[in-house]
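Pasting entry.cif here (mmCIF, C-alpha atoms and all ligand atoms):
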data_query
#
loop_
_atom_site.label_atom_id
_atom_site.label_comp_id
_atom_site.auth_asym_id
_atom_site.auth_seq_id
_atom_site.Cartn_x
_atom_site.Cartn_y
_atom_site.Cartn_z
CA MET A 1 27.91 -18.34 -6.65
CA LEU A 2 25.91 -21.58 -6.38
CA LYS A 3 27.52 -24.95 -6.69
CA PHE A 4 26.34 -28.55 -6.57
CA GLU A 5 29.19 -31.05 -6.32
CA ASN A 6 28.33 -34.73 -6.74
CA VAL A 7 25.01 -34.15 -5.03
CA SER A 8 22.59 -37.02 -4.50
CA LYS A 9 19.36 -36.99 -2.57
CA ILE A 10 17.77 -40.22 -1.43
CA TYR A 11 14.46 -39.90 0.39
CA PRO A 12 13.41 -42.41 3.03
CA GLY A 13 12.42 -45.69 1.41
CA ASP A 14 15.54 -45.64 -0.80
CA PHE A 15 13.88 -43.29 -3.28
CA VAL A 16 16.59 -41.65 -5.37
CA ALA A 17 15.32 -38.14 -6.24
CA LEU A 18 18.68 -36.72 -7.44
CA GLU A 19 21.80 -38.57 -8.51
CA ASP A 20 25.28 -37.14 -8.81
CA ILE A 21 24.35 -33.57 -9.74
CA ASN A 22 27.20 -31.24 -10.71
CA LEU A 23 26.26 -27.67 -11.42
CA THR A 24 27.57 -24.14 -11.14
CA ILE A 25 25.37 -21.06 -11.37
CA GLN A 26 26.90 -17.60 -11.59
CA GLN A 27 25.52 -14.41 -10.07
CA GLY A 28 23.09 -12.76 -12.47
CA GLU A 29 22.18 -15.86 -14.50
CA PHE A 30 18.62 -16.78 -15.48
CA VAL A 31 18.40 -20.56 -15.33
CA SER A 32 15.35 -22.65 -16.16
CA ILE A 33 15.13 -26.15 -14.73
CA VAL A 34 12.83 -28.32 -16.77
CA GLY A 35 11.66 -31.90 -16.51
CA HIS A 36 8.54 -33.97 -16.04
CA SER A 37 6.67 -34.05 -12.79
CA GLY A 38 8.69 -36.15 -10.34
CA ALA A 39 11.99 -35.56 -12.17
CA GLY A 40 13.60 -33.89 -9.14
CA LYS A 41 13.25 -30.15 -9.86
CA SER A 42 11.68 -29.19 -6.51
CA THR A 43 14.19 -31.32 -4.64
CA LEU A 44 17.03 -29.42 -6.30
CA LEU A 45 15.49 -26.09 -5.23
CA LYS A 46 14.80 -27.38 -1.70
CA LEU A 47 18.48 -28.28 -1.35
CA LEU A 48 19.36 -24.73 -2.34
CA TYR A 49 16.98 -23.29 0.20
CA ALA A 50 18.44 -25.69 2.78
CA GLU A 51 14.97 -27.09 3.34
CA GLU A 52 16.40 -30.54 2.56
CA GLN A 53 19.97 -31.77 3.00
CA PRO A 54 21.87 -33.81 0.41
CA THR A 55 22.40 -37.48 1.20
CA SER A 56 25.86 -37.11 -0.30
CA GLY A 57 27.82 -34.34 -2.01
CA VAL A 58 27.99 -30.63 -1.28
CA VAL A 59 25.71 -27.68 -2.07
CA SER A 60 27.49 -24.38 -1.57
CA PHE A 61 26.67 -20.70 -1.77
CA ASN A 62 29.57 -18.29 -2.30
CA GLU A 63 32.02 -21.11 -1.59
CA ARG A 64 30.38 -21.99 1.72
CA SER A 65 28.76 -25.40 2.17
CA LEU A 66 25.13 -25.04 3.26
CA ASP A 67 25.64 -28.03 5.56
CA SER A 68 28.12 -25.99 7.57
CA ILE A 69 25.61 -23.24 8.33
CA ASN A 70 24.42 -23.44 11.89
CA ARG A 71 20.59 -23.87 12.22
CA LYS A 72 20.47 -20.57 14.08
CA HIS A 73 22.03 -18.82 11.09
CA LEU A 74 19.84 -20.42 8.42
CA PRO A 75 17.28 -17.55 8.41
CA PHE A 76 20.13 -15.15 7.55
CA TYR A 77 21.27 -17.35 4.67
CA ARG A 78 17.66 -17.64 3.47
CA ARG A 79 17.35 -13.86 3.20
CA ASN A 80 19.62 -14.21 0.18
CA VAL A 81 16.99 -16.39 -1.44
CA GLY A 82 13.46 -15.24 -2.32
CA THR A 83 10.91 -17.96 -3.05
CA VAL A 84 7.84 -18.03 -5.29
CA PHE A 85 5.55 -21.05 -5.58
CA GLN A 86 2.68 -22.33 -7.68
CA ASP A 87 0.13 -21.99 -4.84
CA PHE A 88 0.60 -18.37 -3.99
CA LYS A 89 0.67 -18.78 -0.19
CA LEU A 90 -0.63 -15.25 0.44
CA LEU A 91 -2.34 -14.53 3.75
CA PRO A 92 -6.04 -14.27 2.79
CA GLN A 93 -7.00 -11.83 5.57
CA LYS A 94 -4.30 -9.32 4.58
CA THR A 95 -4.27 -6.92 1.63
CA ALA A 96 -1.57 -6.99 -1.05
CA TYR A 97 0.20 -4.16 0.82
CA GLU A 98 -0.12 -5.94 4.18
CA ASN A 99 1.14 -9.25 2.77
CA VAL A 100 4.35 -7.58 1.60
CA ALA A 101 4.65 -5.43 4.74
CA TYR A 102 4.25 -8.51 6.93
CA ALA A 103 7.44 -10.06 5.50
CA LEU A 104 9.31 -6.94 6.61
CA GLU A 105 7.56 -6.75 10.01
CA VAL A 106 8.60 -10.29 10.97
CA ALA A 107 12.17 -9.40 10.03
CA GLY A 108 12.00 -6.51 12.53
CA GLU A 109 12.10 -3.61 10.06
CA THR A 110 10.94 -0.20 11.29
CA ASP A 111 7.50 1.19 10.37
CA GLU A 112 9.22 4.01 8.51
CA ASP A 113 11.24 1.59 6.38
CA ILE A 114 8.17 -0.53 5.69
CA ALA A 115 6.11 2.50 4.62
CA GLN A 116 8.83 3.45 2.16
CA ARG A 117 9.78 0.07 0.76
CA VAL A 118 6.44 -1.67 0.26
CA PRO A 119 5.09 0.84 -2.32
CA GLU A 120 8.45 0.81 -4.12
CA ILE A 121 8.42 -2.98 -4.45
CA LEU A 122 4.75 -3.13 -5.43
CA ASP A 123 5.57 -0.62 -8.14
CA ILE A 124 8.33 -2.87 -9.54
CA VAL A 125 5.82 -5.73 -9.94
CA GLY A 126 3.13 -3.44 -11.38
CA MET A 127 0.71 -3.69 -8.45
CA SER A 128 0.73 -0.09 -7.16
CA ASN A 129 -2.89 0.46 -8.09
CA LYS A 130 -4.18 -2.66 -6.30
CA MET A 131 -2.27 -2.63 -3.04
CA GLY A 132 -5.45 -2.27 -0.96
CA LYS A 133 -7.06 -5.40 -2.44
CA TYR A 134 -7.33 -8.76 -0.69
CA PRO A 135 -6.03 -11.89 -2.45
CA ARG A 136 -9.60 -13.05 -3.25
CA GLN A 137 -10.13 -9.77 -5.14
CA LEU A 138 -7.07 -10.36 -7.35
CA SER A 139 -6.57 -12.57 -10.40
CA GLY A 140 -4.08 -15.45 -10.25
CA GLY A 141 -1.51 -13.41 -12.15
CA GLU A 142 -1.95 -10.45 -9.79
CA GLN A 143 -1.62 -12.67 -6.73
CA GLN A 144 1.60 -14.06 -8.16
CA ARG A 145 2.90 -10.50 -8.64
CA VAL A 146 2.27 -9.84 -4.95
CA CYS A 147 4.18 -13.05 -4.15
CA MET A 148 7.06 -11.77 -6.27
CA ALA A 149 6.99 -8.48 -4.37
CA ARG A 150 7.08 -10.40 -1.09
CA ALA A 151 10.02 -12.47 -2.37
CA LEU A 152 11.89 -9.26 -3.22
CA VAL A 153 11.60 -7.46 0.11
CA HIS A 154 14.98 -8.50 1.44
CA HIS A 155 16.74 -7.68 -1.85
CA PRO A 156 17.63 -11.35 -2.39
CA LEU A 157 20.55 -12.34 -4.58
CA ILE A 158 18.54 -15.28 -5.90
CA ILE A 159 14.87 -15.88 -6.66
CA ILE A 160 13.75 -19.49 -6.69
CA ALA A 161 10.49 -19.85 -8.60
CA ASP A 162 8.98 -23.33 -8.39
CA GLU A 163 6.28 -23.71 -11.08
CA PRO A 164 5.19 -20.08 -10.51
CA THR A 165 2.87 -20.20 -13.51
CA GLY A 166 1.35 -23.61 -12.80
CA ASN A 167 -2.04 -22.09 -11.94
CA LEU A 168 -2.09 -19.34 -14.57
CA ASP A 169 -3.56 -18.89 -18.04
CA PRO A 170 -1.12 -18.42 -20.97
CA ILE A 171 -1.26 -14.60 -20.96
CA SER A 172 -0.68 -14.27 -17.20
CA THR A 173 2.02 -16.94 -17.50
CA TRP A 174 3.97 -14.91 -20.02
CA GLU A 175 3.51 -11.71 -17.96
CA ILE A 176 4.94 -13.41 -14.88
CA ILE A 177 7.87 -14.76 -16.90
CA GLN A 178 8.53 -11.28 -18.26
CA LEU A 179 8.50 -9.96 -14.71
CA LEU A 180 11.13 -12.56 -13.77
CA VAL A 181 13.19 -11.40 -16.77
CA LYS A 182 12.87 -7.78 -15.54
CA ILE A 183 13.93 -8.75 -12.00
CA ASN A 184 16.87 -10.64 -13.51
CA SER A 185 17.87 -7.56 -15.52
CA LEU A 186 18.07 -5.67 -12.21
CA GLY A 187 20.78 -8.13 -11.13
CA THR A 188 18.96 -10.92 -9.30
CA THR A 189 19.82 -14.51 -10.20
CA ILE A 190 16.70 -16.45 -11.23
CA LEU A 191 16.11 -20.18 -10.94
CA LEU A 192 12.85 -21.12 -12.58
CA ALA A 193 11.59 -24.69 -12.26
CA THR A 194 8.86 -25.58 -14.71
CA HIS A 195 7.53 -28.44 -16.79
CA ASN A 196 6.48 -25.89 -19.44
CA LYS A 197 9.08 -26.32 -22.18
CA VAL A 198 7.34 -23.85 -24.48
CA ILE A 199 8.11 -20.99 -22.10
CA VAL A 200 11.77 -21.84 -21.70
CA ASP A 201 12.28 -22.24 -25.44
CA LYS A 202 10.78 -18.78 -25.91
CA LEU A 203 13.12 -17.35 -23.26
CA SER A 204 16.39 -18.41 -24.95
CA LYS A 205 18.27 -18.59 -21.64
CA ARG A 206 20.19 -21.37 -19.96
CA VAL A 207 18.14 -24.55 -19.57
CA ILE A 208 18.95 -27.49 -17.35
CA GLU A 209 16.85 -30.54 -18.03
CA ILE A 210 16.41 -33.21 -15.37
CA GLU A 211 15.16 -36.72 -15.99
CA ASN A 212 14.83 -39.27 -13.21
CA GLY A 213 17.08 -37.24 -10.94
CA LYS A 214 19.88 -36.75 -13.48
CA ILE A 215 20.90 -33.78 -15.61
CA VAL A 216 20.36 -34.76 -19.25
CA ARG A 217 20.84 -31.31 -20.79
CA ASP A 218 22.57 -28.09 -19.80
CA ASN A 219 23.18 -25.42 -22.40
CA GLU A 220 25.49 -23.46 -20.10
CA LYS A 221 27.64 -21.32 -22.37
CA GLY A 222 30.47 -23.31 -23.89
CA LYS A 223 29.67 -26.41 -21.89
CA TYR A 224 27.41 -28.71 -23.86
CA SER A 225 26.69 -26.51 -26.87
CA CYS A 226 22.96 -27.01 -26.44
CA ALA A 227 23.40 -30.74 -27.04
CA LYS A 228 21.67 -33.33 -24.92
CA VAL A 229 24.08 -35.21 -22.68
CA ASN A 230 23.65 -38.80 -21.53
CA ALA A 231 20.38 -38.89 -23.41
P1 LIG B 301 9.53 -32.38 -9.47
O1 LIG B 301 9.66 -31.09 -8.75
O2 LIG B 301 10.38 -32.48 -10.68
O3 LIG B 301 8.10 -32.74 -9.75
P2 LIG B 301 10.34 -33.55 -6.94
O4 LIG B 301 11.69 -33.05 -6.64
O5 LIG B 301 9.18 -32.93 -6.22
O6 LIG B 301 10.08 -33.53 -8.51
O7 LIG B 301 10.28 -35.09 -6.62
C1 LIG B 301 11.24 -36.01 -7.14
C2 LIG B 301 10.84 -37.38 -6.61
O8 LIG B 301 11.11 -37.49 -5.22
C3 LIG B 301 9.35 -37.70 -6.81
O9 LIG B 301 9.20 -39.00 -7.28
C4 LIG B 301 8.77 -37.55 -5.44
O10 LIG B 301 7.69 -38.43 -5.24
C5 LIG B 301 9.94 -37.88 -4.52
N1 LIG B 301 9.86 -37.09 -3.28
C6 LIG B 301 9.80 -35.76 -3.18
N2 LIG B 301 9.75 -35.36 -1.90
C7 LIG B 301 9.77 -36.51 -1.16
C8 LIG B 301 9.74 -36.80 0.24
N3 LIG B 301 9.72 -35.81 1.16
N4 LIG B 301 9.78 -38.08 0.63
C9 LIG B 301 9.83 -39.09 -0.28
N5 LIG B 301 9.87 -38.89 -1.62
C10 LIG B 301 9.83 -37.63 -2.05
#

Starting from the file, give its structure as structure tokens.
Amino acid sequence: MLKFENVSKIYPGDFVALEDINLTIQQGEFVSIVGHSGAGKSTLLKLLYAEEQPTSGVVSFNERSLDSINRKHLPFYRRNVGTVFQDFKLLPQKTAYENVAYALEVAGETDEDIAQRVPEILDIVGMSNKMGKYPRQLSGGEQQRVCMARALVHHPLIIIADEPTGNLDPISTWEIIQLLVKINSLGTTILLATHNKVIVDKLSKRVIEIENGKIVRDNEKGKYSCAKVNA
């Protein structure tokens, strides 16, 4: 479903953030991307979200190069991809319900649809009983659940989570990871970028490790047999 072919990303100033990345991710996988701060994890996710373009190589989604998608059509592509970040990015003057509803309103959904879907999605993330609360009245873990609900509104095929637990305590961290596992079990592909190796070890899922812009480990089934490559 997702493919990186010989992808490099060089930022202005000749800064090589990613070098010759080759990667295939199938629909329904749960993939953790680990590496130190500055390794290139966010850059990889930004290429997938078409927020950045590769300097060379091709990133494709369902066999279509993202570079070939017209700017006008990018919002339609992006509906396939839900995003969750470390800094929750909720609108402070809107309640949990309104934050999720807003994502549907801007996409032109009808009031009837919104009234039906928002409670359903808030239920999936376990926030039904707090939908009238404002972000400042919610814990970090609860705010992240609302963000997950907002990321799910368009029934994305992929969720990109970039350090979603970076601001959370260990218990909330594990709850959010479990929620990602639940969303994955409902069929959504998950890409989780984190520097928290303890979490990914506990998950026992596919792990791609990046160091200085290069893949040094990928335990994709049958590929590297959990061994480190080029390390
Ligand atoms: P990670 O997510 O693993 O912390 P990033 O992908 O954010 O790493 O960054 C990889 C490297 O690219 C870092 O050294 C960072 O400073 C650099 N970088 C990221 N974004 C930009 C940018 N817009 N311009 C220049 N350099 C950047």

message = Could you list, as a PyMOL selection string, all protein and nucleic acid residues with an atom at most 9 Å from ligand LIG 301 (chain B), counting only C-alpha atoms and all ligand atoms?
response = chain A and resi 9-18+33-46+52+162-163+193-195+210-213

Pull C-alpha atoms from the residues just selected and write them as an mmCIF file, in the frame of the given file.
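part_38.cif was written with the following content:
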data_model
loop_
_atom_site.group_PDB
_atom_site.id
_atom_site.type_symbol
_atom_site.label_atom_id
_atom_site.label_comp_id
_atom_site.auth_asym_id
_atom_site.auth_seq_id
_atom_site.Cartn_x
_atom_site.Cartn_y
_atom_site.Cartn_z
ATOM 1 C CA LYS A 9 19.360 -36.990 -2.570
ATOM 2 C CA ILE A 10 17.770 -40.220 -1.430
ATOM 3 C CA TYR A 11 14.460 -39.900 0.390
ATOM 4 C CA PRO A 12 13.410 -42.410 3.030
ATOM 5 C CA GLY A 13 12.420 -45.690 1.410
ATOM 6 C CA ASP A 14 15.540 -45.640 -0.800
ATOM 7 C CA PHE A 15 13.880 -43.290 -3.280
ATOM 8 C CA VAL A 16 16.590 -41.650 -5.370
ATOM 9 C CA ALA A 17 15.320 -38.140 -6.240
ATOM 10 C CA LEU A 18 18.680 -36.720 -7.440
ATOM 11 C CA ILE A 33 15.130 -26.150 -14.730
ATOM 12 C CA VAL A 34 12.830 -28.320 -16.770
ATOM 13 C CA GLY A 35 11.660 -31.900 -16.510
ATOM 14 C CA HIS A 36 8.540 -33.970 -16.040
ATOM 15 C CA SER A 37 6.670 -34.050 -12.790
ATOM 16 C CA GLY A 38 8.690 -36.150 -10.340
ATOM 17 C CA ALA A 39 11.990 -35.560 -12.170
ATOM 18 C CA GLY A 40 13.600 -33.890 -9.140
ATOM 19 C CA LYS A 41 13.250 -30.150 -9.860
ATOM 20 C CA SER A 42 11.680 -29.190 -6.510
ATOM 21 C CA THR A 43 14.190 -31.320 -4.640
ATOM 22 C CA LEU A 44 17.030 -29.420 -6.300
ATOM 23 C CA LEU A 45 15.490 -26.090 -5.230
ATOM 24 C CA LYS A 46 14.800 -27.380 -1.700
ATOM 25 C CA GLU A 52 16.400 -30.540 2.560
ATOM 26 C CA ASP A 162 8.980 -23.330 -8.390
ATOM 27 C CA GLU A 163 6.280 -23.710 -11.080
ATOM 28 C CA ALA A 193 11.590 -24.690 -12.260
ATOM 29 C CA THR A 194 8.860 -25.580 -14.710
ATOM 30 C CA HIS A 195 7.530 -28.440 -16.790
ATOM 31 C CA ILE A 210 16.410 -33.210 -15.370
ATOM 32 C CA GLU A 211 15.160 -36.720 -15.990
ATOM 33 C CA ASN A 212 14.830 -39.270 -13.210
ATOM 34 C CA GLY A 213 17.080 -37.240 -10.940
#

Sorted per-residue table, region 115-211 of chain A near region 84-99 of chain A, closest atoms and distance, 7 Å, all atoms listed in the file, as CSV:
residue,atom,partner,partner_atom,distance
A:Val118,CA,A:Tyr97,CA,6.7
A:Met131,CA,A:Tyr97,CA,4.8
A:Gly132,CA,A:Thr95,CA,5.5
A:Lys133,CA,A:Thr95,CA,5.2
A:Tyr134,CA,A:Thr95,CA,4.3
A:Pro135,CA,A:Pro92,CA,5.8
A:Gln143,CA,A:Phe88,CA,6.7
A:Gln144,CA,A:Phe88,CA,6.1
A:Val146,CA,A:Ala96,CA,6.2
A:Cys147,CA,A:Val84,CA,6.3
A:Met148,CA,A:Val84,CA,6.4
A:Ala151,CA,A:Val84,CA,6.6
A:Ile160,CA,A:Val84,CA,6.2
A:Ala161,CA,A:Val84,CA,4.6
A:Asp162,CA,A:Phe85,CA,5.0
A:Glu163,CA,A:Gln86,CA,5.1
A:Pro164,CA,A:Gln86,CA,4.4
A:Thr165,CA,A:Gln86,CA,6.2
A:Gly166,CA,A:Gln86,CA,5.4
A:Asn167,CA,A:Gln86,CA,6.4

Keeping only C-alpha atoms, write the selected residues as a compact mmCIF listing (two decimals), in the frame of the given file.
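Writing done, so here's part_20.txt:
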# COMPACT_ATOMS: atom_id res chain seq x y z
CA VAL A 118 6.44 -1.67 0.26
CA MET A 131 -2.27 -2.63 -3.04
CA GLY A 132 -5.45 -2.27 -0.96
CA LYS A 133 -7.06 -5.40 -2.44
CA TYR A 134 -7.33 -8.76 -0.69
CA PRO A 135 -6.03 -11.89 -2.45
CA GLN A 143 -1.62 -12.67 -6.73
CA GLN A 144 1.60 -14.06 -8.16
CA VAL A 146 2.27 -9.84 -4.95
CA CYS A 147 4.18 -13.05 -4.15
CA MET A 148 7.06 -11.77 -6.27
CA ALA A 151 10.02 -12.47 -2.37
CA ILE A 160 13.75 -19.49 -6.69
CA ALA A 161 10.49 -19.85 -8.60
CA ASP A 162 8.98 -23.33 -8.39
CA GLU A 163 6.28 -23.71 -11.08
CA PRO A 164 5.19 -20.08 -10.51
CA THR A 165 2.87 -20.20 -13.51
CA GLY A 166 1.35 -23.61 -12.80
CA ASN A 167 -2.04 -22.09 -11.94

request  = Select all residues near (31.7, -32.3, -2.1) (cut-off 7 Å, inclusive, file coordinates), counting all atoms listed in the file, and output them as a VMD selection string.
outcome  = chain A and resid 5 to 6 57 to 58

ask   = How many Å lie between CA of Asp111 (chain A) and CA of Ala149 (chain A), rounded to one decimal?
value =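 Straight-line distance from CA of Asp111 (chain A) to CA of Ala149 (chain A) works out to 17.6 Å.
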
query = If you count only C-alpha atoms, which residues fall within 10 Å of Asn80 (chain A), apart from same-chain ones fewer than 6 positions away, as a PyMOL selection string?
reply = chain A and resi 49+61+152+154-159

key: Point-to-point distance from CA of Ile121 (chain A) to CA of Arg150 (chain A), Å rounded to tenths   = 8.3 Å

message = What does the structure give for the distance between CA of Gln53 (chain A) and CA of Leu66 (chain A), in Å to one decimal?
response =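 Interatomic distance here is 8.5 Å.
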
ask   = Within 7 Å of (23.7, -27.3, -13.2), all atoms listed in the file: residues as a ChimeraX atom specification?
value = /A:22-25,208,218

request  = Go through A:Arg145, A:Lys197, A:Arg78, A:Arg117 one by one, measure the shortest atom-to-atom distance of each to Lys130 (chain A) using all atoms listed in the file, and give the residue with the smallest value.
outcome  =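 Residue with the minimum atom-to-atom distance to Lys130 (chain A): A:Arg145.
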
request  = Find the residue from A:Ser32, A:Ser8, A:Asn129, A:Gln27 that sits nearest to Ser204 (chain A); use only C-alpha atoms when measuring.
outcome  = A:Ser32

Starting from the incomplete input, reconstruct N, CA, C and O atoms of region 15-30 of chain A and write that as a PDB file, keeping the file's coordinate frame.
ATOM      1  N   PHE A  15      14.323 -43.930  -2.044  1.00  0.00           N
ATOM      2  CA  PHE A  15      13.880 -43.290  -3.280  1.00  0.00           C
ATOM      3  C   PHE A  15      14.902 -42.260  -3.739  1.00  0.00           C
ATOM      4  O   PHE A  15      15.122 -41.243  -3.085  1.00  0.00           O
ATOM      5  N   VAL A  16      15.547 -42.544  -4.865  1.00  0.00           N
ATOM      6  CA  VAL A  16      16.590 -41.650  -5.370  1.00  0.00           C
ATOM      7  C   VAL A  16      15.935 -40.503  -6.154  1.00  0.00           C
ATOM      8  O   VAL A  16      15.427 -40.702  -7.255  1.00  0.00           O
ATOM      9  N   ALA A  17      15.945 -39.289  -5.582  1.00  0.00           N
ATOM     10  CA  ALA A  17      15.320 -38.140  -6.240  1.00  0.00           C
ATOM     11  C   ALA A  17      16.341 -37.387  -7.099  1.00  0.00           C
ATOM     12  O   ALA A  17      16.003 -36.837  -8.144  1.00  0.00           O
ATOM     13  N   LEU A  18      17.609 -37.356  -6.654  1.00  0.00           N
ATOM     14  CA  LEU A  18      18.680 -36.720  -7.440  1.00  0.00           C
ATOM     15  C   LEU A  18      19.919 -37.600  -7.364  1.00  0.00           C
ATOM     16  O   LEU A  18      20.225 -38.165  -6.302  1.00  0.00           O
ATOM     17  N   GLU A  19      20.635 -37.689  -8.484  1.00  0.00           N
ATOM     18  CA  GLU A  19      21.800 -38.570  -8.510  1.00  0.00           C
ATOM     19  C   GLU A  19      22.989 -37.851  -9.139  1.00  0.00           C
ATOM     20  O   GLU A  19      22.941 -37.450 -10.307  1.00  0.00           O
ATOM     21  N   ASP A  20      24.005 -37.662  -8.344  1.00  0.00           N
ATOM     22  CA  ASP A  20      25.280 -37.140  -8.810  1.00  0.00           C
ATOM     23  C   ASP A  20      25.142 -35.865  -9.653  1.00  0.00           C
ATOM     24  O   ASP A  20      25.592 -35.810 -10.796  1.00  0.00           O
ATOM     25  N   ILE A  21      24.558 -34.845  -9.040  1.00  0.00           N
ATOM     26  CA  ILE A  21      24.350 -33.570  -9.740  1.00  0.00           C
ATOM     27  C   ILE A  21      25.585 -32.691  -9.584  1.00  0.00           C
ATOM     28  O   ILE A  21      26.060 -32.456  -8.469  1.00  0.00           O
ATOM     29  N   ASN A  22      26.090 -32.201 -10.708  1.00  0.00           N
ATOM     30  CA  ASN A  22      27.200 -31.240 -10.710  1.00  0.00           C
ATOM     31  C   ASN A  22      26.762 -30.025 -11.503  1.00  0.00           C
ATOM     32  O   ASN A  22      26.346 -30.153 -12.649  1.00  0.00           O
ATOM     33  N   LEU A  23      26.886 -28.850 -10.860  1.00  0.00           N
ATOM     34  CA  LEU A  23      26.260 -27.670 -11.420  1.00  0.00           C
ATOM     35  C   LEU A  23      26.856 -26.422 -10.819  1.00  0.00           C
ATOM     36  O   LEU A  23      27.107 -26.377  -9.621  1.00  0.00           O
ATOM     37  N   THR A  24      27.122 -25.433 -11.672  1.00  0.00           N
ATOM     38  CA  THR A  24      27.570 -24.140 -11.140  1.00  0.00           C
ATOM     39  C   THR A  24      26.673 -23.060 -11.733  1.00  0.00           C
ATOM     40  O   THR A  24      26.412 -23.062 -12.938  1.00  0.00           O
ATOM     41  N   ILE A  25      26.207 -22.169 -10.904  1.00  0.00           N
ATOM     42  CA  ILE A  25      25.370 -21.060 -11.370  1.00  0.00           C
ATOM     43  C   ILE A  25      26.020 -19.756 -10.930  1.00  0.00           C
ATOM     44  O   ILE A  25      26.359 -19.582  -9.751  1.00  0.00           O
ATOM     45  N   GLN A  26      26.231 -18.872 -11.894  1.00  0.00           N
ATOM     46  CA  GLN A  26      26.900 -17.600 -11.590  1.00  0.00           C
ATOM     47  C   GLN A  26      25.883 -16.524 -11.208  1.00  0.00           C
ATOM     48  O   GLN A  26      24.736 -16.575 -11.658  1.00  0.00           O
ATOM     49  N   GLN A  27      26.350 -15.559 -10.435  1.00  0.00           N
ATOM     50  CA  GLN A  27      25.520 -14.410 -10.070  1.00  0.00           C
ATOM     51  C   GLN A  27      24.976 -13.738 -11.340  1.00  0.00           C
ATOM     52  O   GLN A  27      25.725 -13.528 -12.294  1.00  0.00           O
ATOM     53  N   GLY A  28      23.688 -13.476 -11.345  1.00  0.00           N
ATOM     54  CA  GLY A  28      23.090 -12.760 -12.470  1.00  0.00           C
ATOM     55  C   GLY A  28      22.535 -13.640 -13.568  1.00  0.00           C
ATOM     56  O   GLY A  28      21.912 -13.143 -14.503  1.00  0.00           O
ATOM     57  N   GLU A  29      22.711 -14.970 -13.454  1.00  0.00           N
ATOM     58  CA  GLU A  29      22.180 -15.860 -14.500  1.00  0.00           C
ATOM     59  C   GLU A  29      20.665 -16.030 -14.366  1.00  0.00           C
ATOM     60  O   GLU A  29      20.094 -15.862 -13.276  1.00  0.00           O
ATOM     61  N   PHE A  30      20.033 -16.386 -15.469  1.00  0.00           N
ATOM     62  CA  PHE A  30      18.620 -16.780 -15.480  1.00  0.00           C
ATOM     63  C   PHE A  30      18.629 -18.240 -15.937  1.00  0.00           C
ATOM     64  O   PHE A  30      18.960 -18.537 -17.086  1.00  0.00           O
TER      65      PHE A  30
END
